[in-house]
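> Take this structure first; my questions come after.
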Amino acid sequence: MALREIVHYGDPILRKVCQSVKDFSKLTKLIDDMFDTMYEESGIGLAANQVGVDLNLFIIDITDIEEEAENIYVFINSQIQESHGESWFEEGCLSIPDVRLDVKRPEFITLKYQDENGEDHVEKFSGHLARAIQHEVDHLNGVFIVDRVSQTAKMTVKKELKTIEKKAVSKSKFRKEFVL
Ligand SMILES: [Zn+2]
């Protein structure tokens, strides 16, 4: 088990559009570490740049929410092709600890992505899974939940954001390059 440090709001890597994965042969360790880290932090989704890796890759495990046997996913080079409908749900984020916000998102999406073997997929998603996917795709495009809410809603967490941002900015200056 190898845990990675979660990067927080304010770190420049979380404002970048992440690079596409081209080499699929070296992802196993990164993906294993990301699952370990996500479970340790009790998250249901984690994007690679949240552990400081600039790659278009994220993982999701919503087994607890859906109460099904298995709901574990790895998505690589994802692109939302189509979305429709509307739903509201309170979201949290491992990169913005202790902040929760009601976020409006499309309810249904069509996602183009690749799996760990580089195979192409186009699939439709809805419900919690569609929401979790959109949250993580946002991360890979440098977007946070605070960018998805009104200015008024953002003001309610202004203090918390400032504190997290200050720490993350100073930490990022000392961060070494993360390895896959
Ligand atoms: Zn997040």
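FYI, nothing fancy with the structure tokens labels: chains A, B, ... in order, residues from 1 per chain, ligands from 1 as they appear.
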If you count only C-alpha atoms and all ligand atoms, which residues end up within 7 Å of ligand 1, as a ChimeraX atom specification?
/A:46,92-95,135-136,139,144
> Go ahead and write the selection's residues with C-alpha atoms as an mmCIF file, in the first residue's frame.

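Full text of selection.cif as output:
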data_model
loop_
_atom_site.group_PDB
_atom_site.id
_atom_site.type_symbol
_atom_site.label_atom_id
_atom_site.label_comp_id
_atom_site.auth_asym_id
_atom_site.auth_seq_id
_atom_site.Cartn_x
_atom_site.Cartn_y
_atom_site.Cartn_z
ATOM 1 C CA LEU A 46 -9.912 10.942 -7.418
ATOM 2 C CA GLY A 92 -17.478 17.602 -1.345
ATOM 3 C CA CYS A 93 -13.923 17.430 -2.679
ATOM 4 C CA LEU A 94 -10.745 15.879 -1.269
ATOM 5 C CA SER A 95 -8.822 18.913 -2.555
ATOM 6 C CA HIS A 135 -16.664 16.208 -10.906
ATOM 7 C CA GLU A 136 -13.471 14.349 -11.860
ATOM 8 C CA HIS A 139 -10.561 18.421 -12.102
ATOM 9 C CA PHE A 144 -13.457 23.067 -9.029
#
> Residues at most 9 Å from Ile60 in chain A, counting only C-alpha atoms, excluding those fewer than 6 positions away in the same chain, as a list in words?
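In the requested format, the answer is Phe35, Met38, Gly43, Ile44, Gly45, Leu46, Ala47, Asn71, Ile72, Tyr73, Val74, Phe75, Leu129, Ala132, Ile133 and Glu136 of chain A.
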> Per DSSP on the backbone, filter range 26-93 of chain A down to the residues in strand (DSSP E or B) and report them as a list in words.
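Strand (DSSP E or B) assignments inside range 26-93 of chain A correspond to Gly45, Leu46, Ala47, Leu57, Phe58, Ile59, Ile60, Asp61, Ile72, Tyr73, Val74, Phe75, Ile76, Asn77, Ser78, Gln79, Ile80, Gln81, Glu82, Ser83, His84, Ser87, Trp88, Phe89, Glu90 and Glu91 of chain A.
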> Just write the chosen residues, N, CA, C and O atoms, as a tab-separated table (two decimals), in the first residue's frame.

chain	number	residue	atom	x	y	z
A	45	GLY	N	-14.07	9.47	-5.50
A	45	GLY	CA	-13.45	9.72	-6.80
A	45	GLY	C	-12.14	10.46	-6.60
A	45	GLY	O	-11.98	11.19	-5.62
A	46	LEU	N	-11.20	10.25	-7.53
A	46	LEU	CA	-9.91	10.94	-7.42
A	46	LEU	C	-9.30	11.10	-8.81
A	46	LEU	O	-9.23	10.13	-9.58
A	47	ALA	N	-8.87	12.31	-9.11
A	47	ALA	CA	-8.22	12.58	-10.40
A	47	ALA	C	-6.70	12.60	-10.20
A	47	ALA	O	-6.22	12.95	-9.11
A	57	LEU	N	-6.52	11.08	-16.20
A	57	LEU	CA	-6.89	9.78	-15.62
A	57	LEU	C	-7.62	10.01	-14.31
A	57	LEU	O	-7.20	10.85	-13.52
A	58	PHE	N	-8.72	9.32	-14.09
A	58	PHE	CA	-9.36	9.37	-12.78
A	58	PHE	C	-9.99	8.04	-12.41
A	58	PHE	O	-10.23	7.19	-13.27
A	59	ILE	N	-10.23	7.88	-11.12
A	59	ILE	CA	-10.82	6.64	-10.62
A	59	ILE	C	-12.09	6.99	-9.84
A	59	ILE	O	-12.22	8.10	-9.32
A	60	ILE	N	-13.00	6.03	-9.77
A	60	ILE	CA	-14.25	6.21	-9.02
A	60	ILE	C	-14.62	4.89	-8.36
A	60	ILE	O	-14.46	3.81	-8.95
A	61	ASP	N	-15.10	4.97	-7.12
A	61	ASP	CA	-15.71	3.81	-6.47
A	61	ASP	C	-16.94	4.30	-5.71
A	61	ASP	O	-16.82	4.90	-4.66
A	72	ILE	N	-16.64	0.04	-9.39
A	72	ILE	CA	-15.28	0.59	-9.39
A	72	ILE	C	-14.83	0.85	-10.83
A	72	ILE	O	-14.99	-0.03	-11.68
A	73	TYR	N	-14.31	2.04	-11.07
A	73	TYR	CA	-13.97	2.41	-12.45
A	73	TYR	C	-12.63	3.13	-12.55
A	73	TYR	O	-12.23	3.85	-11.64
A	74	VAL	N	-11.98	2.94	-13.70
A	74	VAL	CA	-10.81	3.73	-14.07
A	74	VAL	C	-11.12	4.33	-15.44
A	74	VAL	O	-11.49	3.61	-16.38
A	75	PHE	N	-11.03	5.65	-15.54
A	75	PHE	CA	-11.31	6.34	-16.81
A	75	PHE	C	-10.06	7.10	-17.27
A	75	PHE	O	-9.47	7.84	-16.49
A	76	ILE	N	-9.71	6.90	-18.52
A	76	ILE	CA	-8.50	7.54	-19.06
A	76	ILE	C	-8.86	8.32	-20.33
A	76	ILE	O	-9.67	7.85	-21.14
A	77	ASN	N	-8.24	9.47	-20.50
A	77	ASN	CA	-8.47	10.33	-21.67
A	77	ASN	C	-9.97	10.57	-21.92
A	77	ASN	O	-10.47	10.40	-23.03
A	78	SER	N	-10.64	10.96	-20.86
A	78	SER	CA	-12.10	11.12	-20.92
A	78	SER	C	-12.53	12.41	-21.57
A	78	SER	O	-11.87	13.44	-21.42
A	79	GLN	N	-13.64	12.31	-22.25
A	79	GLN	CA	-14.26	13.48	-22.89
A	79	GLN	C	-15.76	13.33	-22.81
A	79	GLN	O	-16.30	12.30	-23.24
A	80	ILE	N	-16.43	14.32	-22.25
A	80	ILE	CA	-17.88	14.27	-22.21
A	80	ILE	C	-18.39	14.72	-23.58
A	80	ILE	O	-18.12	15.84	-24.01
A	81	GLN	N	-19.09	13.83	-24.26
A	81	GLN	CA	-19.52	14.13	-25.63
A	81	GLN	C	-20.88	14.79	-25.68
A	81	GLN	O	-21.16	15.57	-26.58
A	82	GLU	N	-21.73	14.42	-24.72
A	82	GLU	CA	-23.09	14.96	-24.72
A	82	GLU	C	-23.61	14.92	-23.30
A	82	GLU	O	-23.24	14.05	-22.52
A	83	SER	N	-24.41	15.91	-22.96
A	83	SER	CA	-25.03	15.88	-21.63
A	83	SER	C	-26.39	16.54	-21.68
A	83	SER	O	-26.62	17.44	-22.49
A	84	HIS	N	-27.31	16.08	-20.83
A	84	HIS	CA	-28.62	16.73	-20.75
A	84	HIS	C	-29.27	16.45	-19.40
A	84	HIS	O	-28.79	15.64	-18.61
A	87	SER	N	-29.71	18.23	-12.40
A	87	SER	CA	-29.93	17.76	-11.03
A	87	SER	C	-29.03	18.53	-10.07
A	87	SER	O	-27.97	19.03	-10.45
A	88	TRP	N	-29.50	18.63	-8.82
A	88	TRP	CA	-28.73	19.30	-7.78
A	88	TRP	C	-28.28	18.26	-6.77
A	88	TRP	O	-29.05	17.36	-6.43
A	89	PHE	N	-27.07	18.41	-6.26
A	89	PHE	CA	-26.59	17.49	-5.23
A	89	PHE	C	-25.46	18.16	-4.46
A	89	PHE	O	-24.69	18.93	-5.04
A	90	GLU	N	-25.37	17.84	-3.17
A	90	GLU	CA	-24.29	18.43	-2.38
A	90	GLU	C	-23.00	17.65	-2.62
A	90	GLU	O	-22.97	16.44	-2.45
A	91	GLU	N	-21.96	18.37	-3.02
A	91	GLU	CA	-20.69	17.71	-3.31
A	91	GLU	C	-19.59	18.19	-2.36
A	91	GLU	O	-19.56	19.34	-1.96
> Residues at most 9 Å from Leu3 in chain A, counting only C-alpha atoms, excluding those fewer than 2 positions away in the same chain, as number ranges by chain?
A: 1, 5, 33-38, 40
> Run DSSP on the backbone and tell me which residues of chain A come out as helix (DSSP H, G or I); list them as a PyMOL selection string.
chain A and resi 12-15+24-26+28-40+48-51+63-66+127-140+145-147+151-155+158-172
